[in-house]
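As stored in data_18.cif (mmCIF, C-alpha atoms):
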```cif
data_start
loop_
_atom_site.label_atom_id
_atom_site.label_comp_id
_atom_site.auth_asym_id
_atom_site.auth_seq_id
_atom_site.Cartn_x
_atom_site.Cartn_y
_atom_site.Cartn_z
CA MET A 1 98.25 77.95 75.52
CA SER A 2 101.32 80.02 74.63
CA GLY A 3 103.97 80.93 77.15
CA VAL A 4 102.81 84.54 77.32
CA GLY A 5 99.19 83.48 77.73
CA LEU A 6 100.09 81.06 80.51
CA TYR A 7 102.18 83.72 82.26
CA ALA A 8 99.30 86.24 82.05
CA SER A 9 96.89 83.60 83.36
CA ASP A 10 99.14 82.99 86.38
CA VAL A 11 99.45 86.73 87.06
CA PHE A 12 95.70 87.35 86.97
CA ALA A 13 94.98 84.25 89.05
CA LEU A 14 97.36 85.48 91.76
CA ALA A 15 95.94 89.01 91.66
CA ARG A 16 92.38 87.65 91.77
CA LYS A 17 93.30 85.58 94.82
CA ASP A 18 94.43 88.70 96.71
CA LEU A 19 91.34 90.65 95.71
CA ARG A 20 89.03 87.84 96.83
CA LEU A 21 90.82 87.57 100.17
CA GLU A 22 90.40 91.31 100.70
CA LEU A 23 86.70 91.18 99.80
CA ARG A 24 86.23 88.50 102.44
CA ALA A 25 88.42 89.98 105.19
CA ARG A 26 87.93 93.72 104.52
CA ASP A 27 90.93 94.66 106.62
CA THR A 28 93.23 96.53 104.20
CA LEU A 29 91.10 98.64 101.87
CA PRO A 30 88.81 100.17 104.53
CA ALA A 31 91.87 101.16 106.56
CA MET A 32 93.46 102.79 103.50
CA LEU A 33 90.27 104.70 102.65
CA LEU A 34 89.80 105.95 106.20
CA PHE A 35 93.45 106.90 106.54
CA VAL A 36 93.68 108.93 103.33
CA VAL A 37 90.46 110.86 103.98
CA ALA A 38 91.34 111.51 107.62
CA THR A 39 94.84 112.67 106.65
CA LEU A 40 93.54 115.12 104.05
CA ALA A 41 90.94 116.42 106.49
CA VAL A 42 93.60 117.03 109.15
CA PHE A 43 95.85 118.77 106.62
CA HIS A 44 92.93 120.93 105.51
CA PHE A 45 92.52 122.36 109.00
CA ALA A 46 96.25 122.42 109.80
CA LEU A 47 97.46 124.18 106.63
CA PRO A 48 97.50 127.98 107.04
CA THR A 49 95.15 129.97 104.84
CA GLY A 50 96.81 131.22 101.66
CA SER A 51 99.56 128.57 101.65
CA GLY A 52 99.09 127.99 97.91
CA ASP A 53 98.92 124.97 95.64
CA ASP A 54 102.55 123.95 96.25
CA ALA A 55 101.90 123.11 99.89
CA ALA A 56 98.52 121.57 99.09
CA TYR A 57 99.97 119.14 96.55
CA GLY A 58 102.71 118.29 99.01
CA MET A 59 100.04 117.33 101.53
CA LEU A 60 98.26 115.22 98.89
CA TRP A 61 101.40 113.24 98.19
CA ILE A 62 102.16 112.73 101.86
CA ALA A 63 98.68 111.24 102.19
CA ILE A 64 99.08 109.03 99.10
CA VAL A 65 102.53 107.71 100.00
CA PHE A 66 101.63 106.80 103.56
CA THR A 67 98.34 105.29 102.46
CA ALA A 68 100.29 103.14 100.00
CA LEU A 69 102.70 102.19 102.77
CA LEU A 70 99.76 101.07 104.88
CA GLY A 71 98.59 98.80 102.05
CA LEU A 72 102.08 97.49 101.33
CA ALA A 73 102.60 96.59 104.99
CA ARG A 74 99.62 94.25 104.69
CA ALA A 75 100.36 93.05 101.14
CA TRP A 76 102.14 89.84 102.06
CA ALA A 77 100.33 89.23 105.36
CA PRO A 78 98.04 86.45 104.03
CA GLU A 79 100.98 84.47 102.67
CA ARG A 80 103.12 85.13 105.75
CA ASP A 81 100.44 84.33 108.33
CA GLY A 82 99.17 81.29 106.46
CA GLY A 83 102.60 79.95 105.56
CA ALA A 84 101.63 80.03 101.91
CA LEU A 85 104.63 81.93 100.55
CA ASP A 86 106.77 78.79 100.33
CA GLY A 87 103.96 77.09 98.43
CA LEU A 88 103.76 79.98 95.98
CA VAL A 89 107.50 79.86 95.41
CA LEU A 90 107.32 76.11 94.72
CA ALA A 91 104.31 76.44 92.41
CA PRO A 92 104.91 75.58 88.74
CA CYS A 93 104.86 79.17 87.52
CA ASP A 94 107.40 81.88 86.84
CA ARG A 95 108.22 83.47 90.19
CA SER A 96 108.08 86.93 88.70
CA ALA A 97 104.36 86.29 88.13
CA ILE A 98 103.95 86.27 91.91
CA TRP A 99 105.43 89.77 92.12
CA LEU A 100 103.36 91.05 89.20
CA GLY A 101 100.13 89.59 90.58
CA LYS A 102 100.81 91.17 93.97
CA THR A 103 101.66 94.48 92.31
CA LEU A 104 98.37 94.50 90.39
CA ALA A 105 96.39 93.72 93.55
CA VAL A 106 98.08 96.49 95.53
CA LEU A 107 97.55 98.87 92.61
CA VAL A 108 93.81 98.12 92.68
CA PHE A 109 93.71 98.92 96.42
CA LEU A 110 95.70 102.13 95.98
CA THR A 111 93.59 103.21 93.01
CA ALA A 112 90.43 102.73 95.07
CA ALA A 113 91.91 104.92 97.80
CA GLU A 114 92.88 107.57 95.24
CA VAL A 115 89.39 107.57 93.72
CA VAL A 116 88.27 108.82 97.13
CA ALA A 117 91.35 110.96 97.85
CA LEU A 118 91.36 113.08 94.69
CA PRO A 119 87.78 114.37 95.04
CA ALA A 120 88.48 115.00 98.73
CA PHE A 121 91.58 116.97 97.75
CA ALA A 122 89.57 119.01 95.25
CA LEU A 123 86.99 119.69 97.96
CA PHE A 124 89.44 120.61 100.71
CA PHE A 125 92.19 122.36 98.75
CA ALA A 126 92.06 123.11 95.02
CA PRO A 127 90.77 121.71 91.70
CA ILE A 128 92.94 119.01 90.16
CA ASP A 129 93.58 118.86 86.41
CA LEU A 130 94.20 115.95 84.05
CA VAL A 131 97.99 116.36 84.12
CA ALA A 132 97.99 116.04 87.90
CA VAL A 133 95.73 112.97 87.67
CA ALA A 134 98.11 111.43 85.10
CA GLY A 135 100.95 112.09 87.56
CA VAL A 136 99.04 110.25 90.27
CA VAL A 137 98.46 107.28 87.95
CA LEU A 138 102.09 107.00 86.85
CA ALA A 139 103.45 107.48 90.35
CA SER A 140 101.04 104.87 91.70
CA VAL A 141 102.41 102.30 89.25
CA GLY A 142 105.95 103.01 90.49
CA ILE A 143 104.88 102.90 94.13
CA CYS A 144 103.24 99.50 93.72
CA ALA A 145 106.00 98.00 91.56
CA VAL A 146 108.81 98.97 93.92
CA GLY A 147 106.77 98.61 97.09
CA SER A 148 105.65 95.05 96.35
CA LEU A 149 109.24 93.94 95.96
CA LEU A 150 110.37 95.70 99.14
CA ALA A 151 107.37 94.39 101.06
CA ALA A 152 108.34 90.85 100.04
CA MET A 153 111.87 91.48 101.28
CA ALA A 154 110.59 92.85 104.59
CA ALA A 155 107.95 90.13 105.09
CA ALA A 156 110.53 87.56 106.17
CA SER A 157 112.08 89.90 108.74
CA ARG A 158 111.11 90.23 112.37
CA GLY A 159 111.26 94.01 112.19
CA ARG A 160 109.23 94.28 108.99
CA GLU A 161 107.13 97.19 110.33
CA VAL A 162 110.33 99.25 110.60
CA ILE A 163 112.30 97.84 107.68
CA LEU A 164 109.65 98.43 105.03
CA PRO A 165 109.39 102.22 105.56
CA LEU A 166 113.18 102.50 105.74
CA LEU A 167 113.51 100.75 102.38
CA PHE A 168 110.49 102.25 100.68
CA LEU A 169 110.47 105.93 101.57
CA PRO A 170 113.86 106.86 100.02
CA LEU A 171 112.82 105.22 96.74
CA ALA A 172 109.45 106.98 96.86
CA ILE A 173 111.02 110.46 97.00
CA PRO A 174 111.48 110.72 93.18
CA LEU A 175 107.85 109.71 92.73
CA VAL A 176 106.71 112.42 95.15
CA VAL A 177 108.84 114.98 93.31
CA GLY A 178 107.39 113.90 89.97
CA GLY A 179 103.83 113.82 91.27
CA VAL A 180 104.03 117.25 92.87
CA GLY A 181 105.75 118.65 89.78
CA ALA A 182 103.03 117.29 87.49
CA GLY A 183 100.46 119.06 89.63
CA ILE A 184 102.06 122.50 90.02
CA SER A 185 104.56 122.97 87.19
CA PRO A 186 103.62 124.71 83.92
CA ASP A 187 105.74 122.03 82.22
CA GLY A 188 103.94 119.05 83.72
CA ALA A 189 104.70 116.85 80.70
CA THR A 190 108.38 116.77 81.69
CA PHE A 191 107.49 115.37 85.09
CA LEU A 192 105.14 112.83 83.49
CA SER A 193 108.01 111.65 81.27
CA PHE A 194 110.22 111.35 84.34
CA LEU A 195 107.58 109.28 86.15
CA GLY A 196 107.14 107.04 83.10
CA LEU A 197 110.89 106.43 82.90
CA TYR A 198 111.03 105.67 86.62
CA ASP A 199 108.19 103.16 86.25
CA VAL A 200 109.85 101.35 83.35
CA VAL A 201 113.30 101.15 84.94
CA PHE A 202 112.20 100.07 88.40
CA ALA A 203 109.51 97.70 87.17
CA ILE A 204 112.12 95.87 85.09
CA LEU A 205 114.52 95.78 88.04
CA ALA A 206 111.83 94.47 90.40
CA TRP A 207 110.65 91.88 87.85
CA ALA A 208 114.21 90.66 87.29
CA THR A 209 115.24 90.50 90.97
CA PHE A 210 112.08 89.10 92.59
CA GLU A 211 113.12 85.47 92.13
CA TYR A 212 116.40 86.16 93.94
CA VAL A 213 114.55 87.94 96.75
CA VAL A 214 112.11 85.11 97.46
CA THR A 215 114.70 82.35 97.19
CA GLU A 216 117.01 84.08 99.63
#
```
Give the structure from this file in structure tokens form.
Amino acid sequence: MSGVGLYASDVFALARKDLRLELRARDTLPAMLLFVVATLAVFHFALPTGSGDDAAYGMLWIAIVFTALLGLARAWAPERDGGALDGLVLAPCDRSAIWLGKTLAVLVFLTAAEVVALPAFALFFAPIDLVAVAGVVLASVGICAVGSLLAAMAAASRGREVILPLLFLPLAIPLVVGGVGAGISPDGATFLSFLGLYDVVFAILAWATFEYVVTE
């Protein structure tokens, strides 16, 4: 098997491991689904009538970001609680594959939550078009790429519940701006380009620095 094929095999094996653990435990995805729907329902009744699409899309992205944060807070819990992170680091595979596998697993969880959240948003607030959906997809990739790295950094800390939001939320602000802009701006393609650039730059940075993060 070629080096690329072996790397891809390691990534998918690690992602599959996380998905199987979640299917057995059912402790992360149900919480994300309940949280995002409950948040949108609360915003629906709290938002004044006639507030417009700008405020509605802002509420959507608040719900998405904090739902993602809920998933990221649990992302490394199986390895941390079971003491398996050291074993993963010592495994005969590229350490960046660990980050990429975790990112893919978290992206699956977040996508499942968004599959529920977007129809709920359309029901509670306003119809959502393809440009806005593309913005959600691109922003979700950035959220999971950056968030998985930061969650790994926070996992080894005693105050991880506080440290992760402090690290993650400032880096999520550009994604929120891009996501909201894709939904409400007449020039949504510009915001999609911005989100794509963010994803590429930060995914490369996370991929390149993950080995240093887990060894330190």
As a check of understanding, name the residues that the PyMOL selection byres ((chain A and resi 40) around 8) selects in the supplied structure, as a PyMOL selection string. chain A and resi 36-39+41-44+59-60+63+117+120-121+124
Nearest residue to Leu23 (chain A) out of A:Ala145, A:Ala105, A:Ala122, A:Ala203, using all atoms listed in the file? A:Ala105
Using the chain letters and numbers from the file, which residues does the PyMOL selection byres ((chain A and resi 137) around 12) grab, as a PyMOL selection string? chain A and resi 64+107-108+110-112+114-115+118+130-136+138-144+175+178-179+182+192+195-196+199
Return the single residue from A:Ala15, A:Leu171, A:Leu69, A:Ala55 that is closest to Gly183 (chain A), with distances computed using only C-alpha atoms. A:Ala55
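The two atoms in question, CA of Arg95 (chain A) and CA of Leu164 (chain A), are spaced 21.1 Å apart.
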note - CA of Val146 (chain A) and CA of Gly159 (chain A) are separated by 19.1 Å
Closest of A:Ala154, A:Val200, A:Ile173, A:Leu149 to Ser96 (chain A), counting all atoms listed in the file, is A:Leu149
Which one is closest to Pro174 (chain A): A:Leu47, A:Pro78, A:Ala189, A:Trp61? Count all atoms listed in the file. A:Trp61
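The interatomic distance for the pair CA of Ala97 (chain A) and CA of Val11 (chain A) works out to 5.0 Å.
Proximity ranking of A:Val177, A:Ala75, A:Leu33, A:Val4 relative to Phe191 (chain A) places A:Val177 first, based on all atoms listed in the file.
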Go through A:Cys93, A:Ile98, A:Asp53, A:Pro165 and flag the residue nearest Ala68 (chain A), using only C-alpha atoms for the distances. A:Pro165
Starting from the PyMOL selection byres ((chain A and resi 27) around 12), expand the selection into actual residues of this file and give them as number ranges by chain. A: 19, 21-26, 28-34, 70-71, 73-75, 77-78, 109
